[in-house]
>>> print(open('protein.tsv').read())   # TSV, C-alpha atoms and all ligand atoms
chain	number	residue	atom	x	y	z
A	26	MET	CA	0.00	0.00	0.00
A	27	PRO	CA	1.16	3.59	-0.48
A	28	MET	CA	2.23	5.64	2.51
A	29	VAL	CA	-0.70	6.66	4.68
A	30	PRO	CA	-1.67	10.08	6.04
A	31	MET	CA	-0.54	10.66	9.63
A	32	LYS	CA	-3.98	11.88	10.64
A	33	GLN	CA	-5.42	8.42	10.08
A	34	VAL	CA	-2.69	6.68	12.06
A	35	LEU	CA	-3.06	9.09	14.99
A	36	ASP	CA	-6.87	9.01	14.93
A	37	GLU	CA	-6.71	5.21	15.13
A	38	ALA	CA	-4.19	5.48	17.99
A	39	GLU	CA	-6.67	7.76	19.75
A	40	LYS	CA	-9.40	5.14	19.37
A	41	GLY	CA	-7.08	2.42	20.63
A	42	GLY	CA	-5.56	4.52	23.41
A	43	TYR	CA	-1.95	3.88	22.39
A	44	GLY	CA	1.03	5.92	21.16
A	45	VAL	CA	2.86	5.69	17.83
A	46	GLY	CA	6.62	6.16	17.69
A	47	ALA	CA	8.01	8.70	15.22
A	48	PHE	CA	11.61	7.86	14.49
A	49	ASN	CA	14.08	10.20	12.74
A	50	VAL	CA	16.02	8.98	9.73
A	51	ASN	CA	18.93	10.16	7.61
A	52	ASN	CA	20.22	7.00	5.93
A	53	MET	CA	19.51	3.47	4.77
A	54	GLU	CA	20.49	1.62	7.94
A	55	GLN	CA	18.15	3.69	10.09
A	56	ILE	CA	15.24	3.16	7.71
A	57	GLN	CA	15.88	-0.58	7.49
A	58	ALA	CA	16.13	-0.91	11.27
A	59	ILE	CA	12.85	0.92	11.85
A	60	MET	CA	11.06	-1.07	9.16
A	61	ARG	CA	12.24	-4.38	10.59
A	62	ALA	CA	11.07	-3.37	14.07
A	63	ALA	CA	7.66	-2.20	12.82
A	64	ARG	CA	7.20	-5.29	10.65
A	65	GLU	CA	8.06	-7.72	13.45
A	66	ALA	CA	5.82	-5.83	15.87
A	67	ASN	CA	3.07	-5.54	13.24
A	68	SER	CA	2.81	-1.86	14.11
A	69	PRO	CA	2.01	1.31	12.21
A	70	VAL	CA	5.06	3.57	12.19
A	71	ILE	CA	5.98	7.19	11.55
A	72	VAL	CA	9.31	7.79	9.84
A	73	GLN	CA	10.41	11.41	10.00
A	74	ALA	CA	13.07	13.53	8.36
A	75	SER	CA	14.30	16.88	9.64
A	76	ARG	CA	15.48	19.74	7.44
A	77	GLY	CA	19.01	18.57	8.25
A	78	ALA	CA	18.13	15.05	7.11
A	79	LEU	CA	16.77	16.36	3.81
A	80	ARG	CA	19.99	18.32	3.27
A	81	TYR	CA	22.20	15.38	4.32
A	82	SER	CA	20.47	12.94	1.99
A	83	ASN	CA	20.22	15.39	-0.89
A	84	LEU	CA	16.41	14.91	-0.90
A	85	ILE	CA	16.14	12.32	-3.61
A	86	TYR	CA	18.01	9.58	-1.71
A	87	LEU	CA	15.65	9.71	1.25
A	88	LYS	CA	12.64	9.65	-1.05
A	89	LYS	CA	13.93	6.61	-2.91
A	90	LEU	CA	14.91	4.81	0.30
A	91	MET	CA	11.39	5.35	1.63
A	92	GLU	CA	9.94	4.03	-1.61
A	93	ALA	CA	12.06	0.91	-1.08
A	94	ALA	CA	10.77	0.64	2.50
A	95	VAL	CA	7.17	0.78	1.27
A	96	GLU	CA	7.84	-1.75	-1.49
A	97	GLU	CA	9.47	-4.13	0.96
A	98	ASN	CA	6.63	-3.75	3.49
A	99	PRO	CA	3.44	-3.52	1.41
A	100	ASP	CA	1.14	-4.32	4.34
A	101	LEU	CA	2.55	-1.86	6.86
A	102	LYS	CA	0.97	1.53	7.65
A	103	ILE	CA	3.92	3.84	7.08
A	104	VAL	CA	3.80	7.63	7.46
A	105	LEU	CA	6.54	9.82	6.05
A	106	HIS	CA	6.64	13.05	8.04
A	107	LEU	CA	8.63	16.30	7.86
A	108	ASP	CA	10.05	17.04	11.33
A	109	HIS	CA	10.44	20.69	12.41
A	110	GLY	CA	9.78	22.36	9.07
A	111	ASN	CA	10.15	26.07	9.75
A	112	ASP	CA	8.93	27.75	6.58
A	113	LEU	CA	6.44	27.20	3.80
A	114	GLU	CA	9.15	26.44	1.25
A	115	VAL	CA	10.33	23.32	3.08
A	116	VAL	CA	6.72	22.25	3.64
A	117	GLN	CA	6.12	22.49	-0.11
A	118	GLN	CA	9.37	20.64	-0.78
A	119	ALA	CA	8.29	17.76	1.48
A	120	ILE	CA	4.86	17.58	-0.15
A	121	ASP	CA	6.49	17.48	-3.58
A	122	LEU	CA	8.72	14.63	-2.39
A	123	GLY	CA	5.65	12.58	-1.39
A	124	PHE	CA	5.58	13.12	2.37
A	125	THR	CA	2.16	12.32	3.83
A	126	SER	CA	2.58	14.62	6.80
A	127	VAL	CA	4.45	17.83	7.63
A	128	MET	CA	5.32	19.75	10.75
A	129	LEU	CA	5.38	23.51	10.67
A	130	ASP	CA	7.22	24.43	13.83
A	131	GLY	CA	6.25	28.05	14.34
A	132	SER	CA	7.20	28.06	18.02
A	133	LEU	CA	10.53	29.76	17.34
A	134	GLU	CA	11.70	32.54	15.05
A	135	ALA	CA	13.92	31.70	12.06
A	136	ASP	CA	17.02	31.91	14.33
A	137	GLY	CA	15.74	28.73	16.03
A	138	LYS	CA	16.12	30.34	19.47
A	139	THR	CA	13.73	33.23	20.03
A	140	PRO	CA	10.15	32.24	20.88
A	141	ARG	CA	7.71	33.49	18.24
A	142	SER	CA	4.61	35.40	19.27
A	143	PHE	CA	1.35	33.47	19.48
A	144	GLU	CA	-0.14	35.52	16.61
A	145	SER	CA	2.85	34.97	14.34
A	146	ASN	CA	2.87	31.22	15.11
A	147	VAL	CA	-0.88	31.04	14.31
A	148	ASP	CA	-0.32	32.93	11.07
A	149	ILE	CA	2.47	30.76	9.65
A	150	THR	CA	0.90	27.50	10.87
A	151	ARG	CA	-2.48	28.40	9.34
A	152	ARG	CA	-0.73	29.07	6.05
A	153	ALA	CA	0.95	25.65	6.23
A	154	VAL	CA	-2.46	24.06	6.77
A	155	GLU	CA	-3.86	25.96	3.77
A	156	LEU	CA	-0.93	24.67	1.73
A	157	ALA	CA	-0.94	21.03	2.86
A	158	HIS	CA	-4.60	20.08	3.30
A	159	PRO	CA	-5.52	20.47	-0.39
A	160	TYR	CA	-2.97	17.67	-1.01
A	161	GLY	CA	-4.50	15.55	1.77
A	162	VAL	CA	-1.30	15.97	3.79
A	163	THR	CA	-1.51	16.06	7.61
A	164	VAL	CA	-0.14	19.06	9.52
A	165	GLU	CA	1.50	19.14	12.96
A	166	GLY	CA	2.11	22.47	14.70
A	167	GLU	CA	3.95	23.35	17.89
A	168	LEU	CA	2.98	25.66	20.71
A	169	GLY	CA	5.34	26.39	23.59
A	170	THR	CA	9.07	25.72	23.43
A	171	LEU	CA	11.04	22.68	24.45
A	172	GLY	CA	13.24	22.86	27.51
A	173	GLY	CA	13.23	21.51	31.03
A	174	VAL	CA	10.60	22.34	33.62
A	175	GLU	CA	13.42	23.62	35.82
A	176	GLU	CA	14.51	26.06	33.12
A	177	HIS	CA	10.92	27.22	32.81
A	178	VAL	CA	10.81	28.00	36.51
A	179	ALA	CA	14.09	29.88	36.13
A	180	ALA	CA	12.32	31.94	33.43
A	181	SER	CA	14.64	31.14	30.53
A	182	VAL	CA	13.27	30.70	27.01
A	183	ALA	CA	11.51	27.38	27.63
A	184	ILE	CA	7.77	27.96	27.74
A	185	LEU	CA	5.34	25.21	28.62
A	186	THR	CA	2.15	25.00	26.54
A	187	GLU	CA	-0.79	26.79	28.14
A	188	PRO	CA	-3.95	24.66	27.70
A	189	GLU	CA	-6.29	27.59	26.87
A	190	GLU	CA	-3.84	28.90	24.28
A	191	ALA	CA	-3.57	25.41	22.79
A	192	VAL	CA	-7.34	25.34	22.25
A	193	GLN	CA	-7.28	28.73	20.51
A	194	PHE	CA	-4.26	27.70	18.45
A	195	ILE	CA	-5.93	24.52	17.22
A	196	GLU	CA	-9.15	26.37	16.35
A	197	GLN	CA	-7.41	29.23	14.59
A	198	THR	CA	-4.95	27.14	12.57
A	199	GLY	CA	-6.86	23.93	11.78
A	200	VAL	CA	-3.84	21.74	12.61
A	201	ASP	CA	-4.39	18.00	12.88
A	202	ALA	CA	-1.73	17.44	15.52
A	203	LEU	CA	-0.08	19.65	18.11
A	204	ALA	CA	3.34	19.28	19.71
A	205	VAL	CA	3.02	20.35	23.32
A	206	ALA	CA	5.86	21.53	25.51
A	207	ILE	CA	5.72	19.76	28.88
A	208	GLY	CA	9.33	19.97	29.99
A	209	THR	CA	11.18	17.70	27.56
A	210	SER	CA	14.02	18.89	25.35
A	211	HIS	CA	15.90	17.54	22.37
A	212	GLY	CA	19.17	15.66	22.72
A	213	ALA	CA	20.91	13.58	25.36
A	214	TYR	CA	21.00	16.06	28.26
A	215	LYS	CA	17.40	16.64	29.20
A	216	PHE	CA	17.52	16.94	32.97
A	217	LYS	CA	20.13	18.09	35.46
A	218	ASP	CA	18.92	15.47	37.88
A	219	VAL	CA	15.50	13.84	38.49
A	220	PRO	CA	13.30	14.04	35.36
A	221	LYS	CA	10.43	16.47	35.91
A	222	LEU	CA	7.55	16.77	33.43
A	223	ALA	CA	4.23	18.62	33.39
A	224	ILE	CA	2.23	15.61	32.22
A	225	ASP	CA	-0.97	16.97	33.80
A	226	ARG	CA	-1.05	19.56	30.99
A	227	VAL	CA	-1.48	16.75	28.46
A	228	GLU	CA	-4.62	15.60	30.23
A	229	THR	CA	-6.06	19.13	30.28
A	230	ILE	CA	-5.27	19.88	26.64
A	231	HIS	CA	-6.61	16.48	25.57
A	232	ARG	CA	-9.87	17.18	27.43
A	233	LEU	CA	-10.25	20.70	26.05
A	234	ALA	CA	-9.22	19.84	22.47
A	235	PRO	CA	-10.21	16.20	21.92
A	236	HIS	CA	-9.98	16.39	18.11
A	237	ALA	CA	-6.31	17.37	17.90
A	238	ARG	CA	-3.73	14.65	18.28
A	239	LEU	CA	-1.05	15.47	20.83
A	240	VAL	CA	2.64	15.01	20.15
A	241	MET	CA	5.57	14.69	22.53
A	242	HIS	CA	8.96	15.80	21.19
A	243	GLY	CA	12.25	15.19	22.95
A	244	SER	CA	11.10	11.75	24.04
A	245	SER	CA	14.33	9.78	23.99
A	246	SER	CA	14.96	7.84	27.17
A	247	VAL	CA	18.76	7.90	26.82
A	248	PRO	CA	19.32	4.30	28.04
A	249	GLN	CA	22.06	4.31	30.64
A	250	ASP	CA	23.58	1.02	29.46
A	251	LEU	CA	24.14	2.54	26.02
A	252	VAL	CA	25.55	5.77	27.48
A	253	GLU	CA	27.91	3.70	29.64
A	254	ALA	CA	29.03	1.77	26.56
A	255	VAL	CA	29.72	5.02	24.70
A	256	ASN	CA	31.78	6.28	27.64
A	257	ARG	CA	33.58	2.96	28.18
A	258	TYR	CA	34.76	2.84	24.58
A	259	GLY	CA	36.21	6.32	24.35
A	260	GLY	CA	33.14	8.55	24.10
A	261	ALA	CA	32.24	11.47	26.33
A	262	MET	CA	28.59	11.77	27.30
A	263	PRO	CA	28.74	12.73	30.97
A	264	ASN	CA	25.41	13.14	32.78
A	265	ALA	CA	23.35	12.19	29.72
A	266	ARG	CA	19.76	11.75	30.90
A	267	GLY	CA	16.41	11.18	29.15
A	268	VAL	CA	12.69	10.74	29.72
A	269	PRO	CA	11.89	7.47	31.52
A	270	VAL	CA	9.78	5.14	29.37
A	271	GLU	CA	7.25	4.95	32.24
A	272	ALA	CA	6.75	8.74	32.05
A	273	ILE	CA	6.00	8.43	28.32
A	274	GLN	CA	3.53	5.62	29.04
A	275	ASP	CA	1.85	7.86	31.60
A	276	ALA	CA	1.67	10.66	29.00
A	277	ILE	CA	0.10	8.20	26.54
A	278	THR	CA	-2.64	7.32	29.02
A	279	LYS	CA	-3.31	11.07	29.29
A	280	GLY	CA	-3.58	11.65	25.53
A	281	ILE	CA	-0.17	11.72	23.79
A	282	ARG	CA	-0.43	9.84	20.46
A	283	LYS	CA	2.86	10.60	18.64
A	284	ILE	CA	6.20	10.18	20.37
A	285	ASN	CA	9.35	11.59	18.73
A	286	VAL	CA	12.57	9.61	19.17
A	287	ASP	CA	15.89	10.41	17.56
A	288	THR	CA	18.64	10.60	20.18
A	289	ASP	CA	18.12	7.01	21.40
A	290	THR	CA	18.82	5.51	18.00
A	291	ARG	CA	21.85	7.80	17.58
A	292	ILE	CA	23.29	6.61	20.91
A	293	ALA	CA	22.56	2.97	20.06
A	294	ALA	CA	24.49	3.28	16.79
A	295	THR	CA	27.37	5.19	18.37
A	296	ALA	CA	27.77	2.78	21.31
A	297	THR	CA	27.92	-0.15	18.89
A	298	ILE	CA	30.38	1.42	16.48
A	299	ARG	CA	32.65	2.57	19.32
A	300	ARG	CA	32.65	-0.93	20.81
A	301	ILE	CA	33.54	-2.54	17.50
A	302	TYR	CA	36.37	-0.07	16.84
A	303	HIS	CA	37.67	-0.73	20.35
A	304	GLU	CA	37.41	-4.52	20.17
A	305	ASP	CA	38.93	-4.83	16.71
A	306	PRO	CA	41.02	-1.86	15.60
A	307	SER	CA	41.73	-3.64	12.32
A	308	VAL	CA	38.11	-3.19	11.10
A	309	PHE	CA	37.78	-0.90	8.10
A	310	ASP	CA	34.85	-2.34	6.13
A	311	PRO	CA	31.85	-0.08	6.99
A	312	ARG	CA	29.52	-3.06	6.76
A	313	GLU	CA	31.26	-4.55	9.78
A	314	TYR	CA	30.14	-1.67	11.99
A	315	LEU	CA	27.10	-0.26	10.18
A	316	GLY	CA	25.43	-3.69	10.14
A	317	PRO	CA	25.69	-4.12	13.94
A	318	ALA	CA	24.69	-0.45	14.39
A	319	ARG	CA	21.55	-1.18	12.37
A	320	GLU	CA	20.84	-4.15	14.66
A	321	ALA	CA	21.23	-1.92	17.74
A	322	ILE	CA	18.86	0.70	16.30
A	323	TYR	CA	16.33	-2.05	15.54
A	324	LYS	CA	16.41	-3.24	19.16
A	325	VAL	CA	15.74	0.24	20.56
A	326	VAL	CA	12.94	0.93	18.09
A	327	LYS	CA	11.30	-2.44	18.73
A	328	ALA	CA	11.40	-1.86	22.49
A	329	ARG	CA	9.84	1.60	22.06
A	330	ILE	CA	7.09	0.35	19.72
A	331	GLU	CA	6.19	-2.28	22.30
A	332	ALA	CA	6.32	0.19	25.21
A	333	PHE	CA	4.16	2.77	23.40
A	334	GLY	CA	1.45	0.15	22.82
A	335	SER	CA	1.18	0.26	19.01
A	336	ALA	CA	2.45	-3.30	18.48
A	337	GLY	CA	-0.17	-5.53	16.88
A	338	HIS	CA	-2.35	-2.62	15.73
A	339	ASN	CA	-1.25	-2.44	12.09
A	340	ASP	CA	-4.17	-4.47	10.78
A	341	ASP	CA	-6.89	-2.82	12.90
A	342	TYR	CA	-7.96	-0.67	9.93
A	343	GLY	CA	-7.71	-0.31	6.16
A	344	PRO	CA	-5.45	2.41	4.71
A	345	LYS	CA	-6.68	5.85	3.70
A	346	THR	CA	-5.16	7.63	0.74
A	347	LEU	CA	-4.24	11.28	0.37
A	348	ASP	CA	-7.24	11.55	-1.99
A	349	ASP	CA	-9.52	10.31	0.81
A	350	MET	CA	-8.04	12.98	3.05
A	351	LYS	CA	-8.48	15.68	0.39
A	352	ARG	CA	-12.19	14.91	0.36
A	353	GLU	CA	-12.38	14.90	4.16
A	354	TYR	CA	-10.63	18.26	4.41
A	355	ALA	CA	-12.79	19.74	1.67
A	356	ARG	CA	-15.84	18.86	3.78
A	401	LIG	O1	14.24	17.57	16.51
A	401	LIG	C1	15.36	17.28	16.17
A	401	LIG	C2	15.67	15.95	15.62
A	401	LIG	O2	16.37	15.21	16.57
A	401	LIG	C3	16.39	16.10	14.31
A	401	LIG	O3	17.69	16.50	14.53
A	401	LIG	O4	18.00	18.47	13.01
A	401	LIG	O5	19.96	17.12	13.85
A	401	LIG	O6	18.39	16.17	12.14
A	401	LIG	P1	18.57	17.11	13.29
A	402	LIG	P1	15.05	13.30	21.10
A	402	LIG	O1	16.24	14.18	20.95
A	402	LIG	O2	14.66	13.18	22.55
A	402	LIG	O3	15.23	11.98	20.48
A	402	LIG	O4	13.81	14.01	20.38
A	402	LIG	C1	13.64	13.90	19.00
A	402	LIG	C2	12.60	14.83	18.47
A	402	LIG	O5	11.83	15.44	19.18
A	402	LIG	C3	12.56	14.99	17.02
A	402	LIG	O6	11.64	15.95	16.61
A	403	ZN	ZN	11.44	17.61	17.94
>>> encode(input="protein.tsv", output="structure tokens", more="lines below")
Ligand code: G3H
Ligand code: 13P
Ligand code: ZN
Amino acid sequence: MPMVPMKQVLDEAEKGGYGVGAFNVNNMEQIQAIMRAAREANSPVIVQASRGALRYSNLIYLKKLMEAAVEENPDLKIVLHLDHGNDLEVVQQAIDLGFTSVMLDGSLEADGKTPRSFESNVDITRRAVELAHPYGVTVEGELGTLGGVEEHVAASVAILTEPEEAVQFIEQTGVDALAVAIGTSHGAYKFKDVPKLAIDRVETIHRLAPHARLVMHGSSSVPQDLVEAVNRYGGAMPNARGVPVEAIQDAITKGIRKINVDTDTRIAATATIRRIYHEDPSVFDPREYLGPAREAIYKVVKARIEAFGSAGHNDDYGPKTLDDMKREYAR
């Protein structure tokens, strides 16, 4: 089957009360690892590419690799999603490449640091919806900025999502999905010490805006055994800390349906490659370390798919096409 619109996958997750993992990709090994995990778990899956991934892969390679993934897994519900698009040009580029979902992250200005005003975020996100929906393509927006709860209290730039603003944002933009800021952040250093999240906000936003699907960014758990392996074999990731899987499961029970994971698969690959270099310095065939790295990514993704509850749900429903979605949006 062709790739499916993200709205369908998240609406089904809402009905089933589970979360769907959205895993970042840049290359063949990552895509293969994710596909193997989803296939074995019989789970719908969201594969996402950032602007950096599009640049790295020179656009066409990622598109063709995803076509191969679909051809190899004709029965899987696969979404191809643009992660953190920040202008309408990249949204259009993703649509032209065949993505079935796009994120317009209007939470920050073009510098990627300064929080954007609510009005400006509404304006650019609404324009992304006007651009994408006529193609049947799903749109995710973001309100609030990522960063720890502690930083929020210390009044730095991290701003948690205000539930009432989220309702207005969803109404005024028409987004299908909303990334909410509840104290997570991107990368491997999410908390200075004990993880602290504002998961109660998910419950409130879900109650006030039941038709929007809620997304949790910065959801890597940063497994300590993998961090220790990185450090043991010559790496330097002191005090790396992530979101406990149990906290994500709690957020899923409160309404999170899409869970973004990138850092965990990066650490899995790095730990494996460092170990192989250390154990056998004579290795120089990339297949001898990229193959095991792919295996390590697969294991992390499989564990997350199972933990998020989407395993076994691939065949719960028939696929929708972008044409189906066009008609739904037109109504
Ligand atoms: O949200 C960020 C993702 O981890 C993508 O990271 O921009 O380095 O590809 P990237
Ligand atoms: P992590 O850095 O926690 O993996 O988050 C990834 C993400 O949110 C991608 O959009
Ligand atoms: Zn993100």
>>> atom_distance(input="protein.tsv", atom1="atom CA of Asp121 of chain A", atom2="atom CA of Ala153 of chain A")
13.9 Å
>>> axis_aligned_box(input="protein.tsv", around="ligand LIG 401 (chain A)", padding_each_side="4 Å", output="AutoDock Vina command-line options")
--center_x 17.1 --center_y 16.8 --center_z 14.4 --size_x 13.7 --size_y 11.3 --size_z 12.4
>>> residues_near_ligand(input="protein.tsv", ligand="ligand LIG 401 (chain A)", cutoff="6 Å", atoms="only C-alpha atoms and all ligand atoms", output="list in words")
Ser75, Gly77, Ala78 and Asp287 of chain A
>>> residues_near_ligand(input="protein.tsv", ligand="ligand ZN 403 (chain A)", cutoff="10 Å", atoms="only C-alpha atoms and all ligand atoms", output="VMD selection string")
chain A and resid 47 49 75 108 to 109 128 130 167 171 204 209 to 212 240 to 244 284 to 287
>>> atom_distance(input="protein.tsv", atom1="atom O4 of ligand LIG 402 (chain A)", atom2="atom CA of Arg312 of chain A")
26.9 Å
>>> atom_distance(input="protein.tsv", atom1="atom CA of Val268 of chain A", atom2="atom CA of Ala336 of chain A")
20.7 Å
>>> closest_residue(input="protein.tsv", among="A:Val34, A:Leu156, A:Lys138, A:Asp148", to="Val115 of chain A", atoms="all atoms listed in the file")
A:Leu156
>>> closest_residue(input="protein.tsv", among="A:Gly267, A:Gly137, A:Gly131, A:Pro248", to="ligand LIG 402 (chain A)", atoms="all atoms listed in the file")
A:Gly267
>>> closest_residue(input="protein.tsv", among="A:Ala135, A:Leu222, A:Leu347, A:Ile330", to="Asp275 of chain A", atoms="only C-alpha atoms")
A:Leu222
>>> closest_residue(input="protein.tsv", among="A:Glu155, A:Glu54, A:Glu92, A:Asp349", to="Pro27 of chain A", atoms="all atoms listed in the file")
A:Glu92
>>> closest_residue(input="protein.tsv", among="A:Asn83, A:Gln274, A:Ser245, A:Gln73", to="ligand LIG 402 (chain A)", atoms="all atoms listed in the file")
A:Ser245
>>> closest_residue(input="protein.tsv", among="A:Val200, A:Phe48, A:Val308, A:Leu129", to="Asp289 of chain A", atoms="only C-alpha atoms")
A:Phe48
>>> residues_around(input="protein.tsv", residues="Val227 of chain A", least_positions_apart="5", cutoff="12 Å", atoms="only C-alpha atoms", output="MDAnalysis selection string")
chainID A and resid 185:189 191 203:208 222 232:235 237:241 273 275:282
>>> write_last_selection(input="protein.tsv", atoms="C-alpha atoms", output="compact mmCIF listing (two decimals), in the frame of the given file")
# COMPACT_ATOMS: atom_id res chain seq x y z
CA LEU A 185 5.34 25.21 28.62
CA THR A 186 2.15 25.00 26.54
CA GLU A 187 -0.79 26.79 28.14
CA PRO A 188 -3.95 24.66 27.70
CA GLU A 189 -6.29 27.59 26.87
CA ALA A 191 -3.57 25.41 22.79
CA LEU A 203 -0.08 19.65 18.11
CA ALA A 204 3.34 19.28 19.71
CA VAL A 205 3.02 20.35 23.32
CA ALA A 206 5.86 21.53 25.51
CA ILE A 207 5.72 19.76 28.88
CA GLY A 208 9.33 19.97 29.99
CA LEU A 222 7.55 16.77 33.43
CA ARG A 232 -9.87 17.18 27.43
CA LEU A 233 -10.25 20.70 26.05
CA ALA A 234 -9.22 19.84 22.47
CA PRO A 235 -10.21 16.20 21.92
CA ALA A 237 -6.31 17.37 17.90
CA ARG A 238 -3.73 14.65 18.28
CA LEU A 239 -1.05 15.47 20.83
CA VAL A 240 2.64 15.01 20.15
CA MET A 241 5.57 14.69 22.53
CA ILE A 273 6.00 8.43 28.32
CA ASP A 275 1.85 7.86 31.60
CA ALA A 276 1.67 10.66 29.00
CA ILE A 277 0.10 8.20 26.54
CA THR A 278 -2.64 7.32 29.02
CA LYS A 279 -3.31 11.07 29.29
CA GLY A 280 -3.58 11.65 25.53
CA ILE A 281 -0.17 11.72 23.79
CA ARG A 282 -0.43 9.84 20.46
>>> residues_around(input="protein.tsv", residues="Val104 of chain A", least_positions_apart="2", cutoff="9 Å", atoms="only C-alpha atoms", output="PyMOL selection string")
chain A and resi 28-31+34+47+69-73+102+106+124-126
>>> residues_around(input="protein.tsv", residues="Asp341 of chain A", least_positions_apart="5", cutoff="10 Å", atoms="all atoms listed in the file", output="list of chain:residue names")
A:Glu37, A:Gly41, A:Ser68, A:Pro69
>>> residues_around(input="protein.tsv", residues="Ala355 of chain A", least_positions_apart="4", cutoff="9 Å", atoms="all atoms listed in the file", output="list in words")
His158, Pro159, Met350 and Lys351 of chain A
>>> build_atoms(input="protein.tsv", residues="segment 307-322 of chain A", atoms="N, CA and C atoms", output="PDB file, in the coordinates of the input")
ATOM      1  N   SER A 307      41.388  -3.375  13.718  1.00  0.00           N
ATOM      2  CA  SER A 307      41.730  -3.640  12.320  1.00  0.00           C
ATOM      3  C   SER A 307      40.531  -3.465  11.369  1.00  0.00           C
ATOM      4  N   VAL A 308      39.324  -3.296  11.943  1.00  0.00           N
ATOM      5  CA  VAL A 308      38.110  -3.190  11.100  1.00  0.00           C
ATOM      6  C   VAL A 308      38.160  -1.939  10.236  1.00  0.00           C
ATOM      7  N   PHE A 309      37.912  -2.096   8.945  1.00  0.00           N
ATOM      8  CA  PHE A 309      37.780  -0.900   8.100  1.00  0.00           C
ATOM      9  C   PHE A 309      36.675  -1.035   7.051  1.00  0.00           C
ATOM     10  N   ASP A 310      35.983  -2.170   7.038  1.00  0.00           N
ATOM     11  CA  ASP A 310      34.850  -2.340   6.130  1.00  0.00           C
ATOM     12  C   ASP A 310      33.600  -1.770   6.820  1.00  0.00           C
ATOM     13  N   PRO A 311      33.007  -0.689   6.315  1.00  0.00           N
ATOM     14  CA  PRO A 311      31.850  -0.080   6.990  1.00  0.00           C
ATOM     15  C   PRO A 311      30.722  -1.058   7.290  1.00  0.00           C
ATOM     16  N   ARG A 312      30.587  -2.099   6.488  1.00  0.00           N
ATOM     17  CA  ARG A 312      29.520  -3.060   6.760  1.00  0.00           C
ATOM     18  C   ARG A 312      29.716  -3.762   8.094  1.00  0.00           C
ATOM     19  N   GLU A 313      30.980  -3.847   8.527  1.00  0.00           N
ATOM     20  CA  GLU A 313      31.260  -4.550   9.780  1.00  0.00           C
ATOM     21  C   GLU A 313      30.849  -3.742  11.003  1.00  0.00           C
ATOM     22  N   TYR A 314      30.672  -2.431  10.840  1.00  0.00           N
ATOM     23  CA  TYR A 314      30.140  -1.670  11.990  1.00  0.00           C
ATOM     24  C   TYR A 314      28.747  -1.095  11.722  1.00  0.00           C
ATOM     25  N   LEU A 315      28.439  -0.790  10.450  1.00  0.00           N
ATOM     26  CA  LEU A 315      27.100  -0.260  10.180  1.00  0.00           C
ATOM     27  C   LEU A 315      26.022  -1.341  10.307  1.00  0.00           C
ATOM     28  N   GLY A 316      26.385  -2.575   9.986  1.00  0.00           N
ATOM     29  CA  GLY A 316      25.430  -3.690  10.140  1.00  0.00           C
ATOM     30  C   GLY A 316      25.034  -3.868  11.607  1.00  0.00           C
ATOM     31  N   PRO A 317      26.035  -4.026  12.506  1.00  0.00           N
ATOM     32  CA  PRO A 317      25.690  -4.120  13.940  1.00  0.00           C
ATOM     33  C   PRO A 317      25.010  -2.862  14.467  1.00  0.00           C
ATOM     34  N   ALA A 318      25.365  -1.690  13.947  1.00  0.00           N
ATOM     35  CA  ALA A 318      24.690  -0.450  14.390  1.00  0.00           C
ATOM     36  C   ALA A 318      23.214  -0.521  14.010  1.00  0.00           C
ATOM     37  N   ARG A 319      22.946  -1.025  12.815  1.00  0.00           N
ATOM     38  CA  ARG A 319      21.550  -1.180  12.370  1.00  0.00           C
ATOM     39  C   ARG A 319      20.788  -2.118  13.308  1.00  0.00           C
ATOM     40  N   GLU A 320      21.448  -3.197  13.717  1.00  0.00           N
ATOM     41  CA  GLU A 320      20.840  -4.150  14.660  1.00  0.00           C
ATOM     42  C   GLU A 320      20.521  -3.461  16.003  1.00  0.00           C
ATOM     43  N   ALA A 321      21.438  -2.614  16.454  1.00  0.00           N
ATOM     44  CA  ALA A 321      21.230  -1.920  17.740  1.00  0.00           C
ATOM     45  C   ALA A 321      20.077  -0.919  17.631  1.00  0.00           C
ATOM     46  N   ILE A 322      19.971  -0.252  16.501  1.00  0.00           N
ATOM     47  CA  ILE A 322      18.860   0.700  16.300  1.00  0.00           C
ATOM     48  C   ILE A 322      17.533  -0.079  16.306  1.00  0.00           C
TER      49      ILE A 322
END
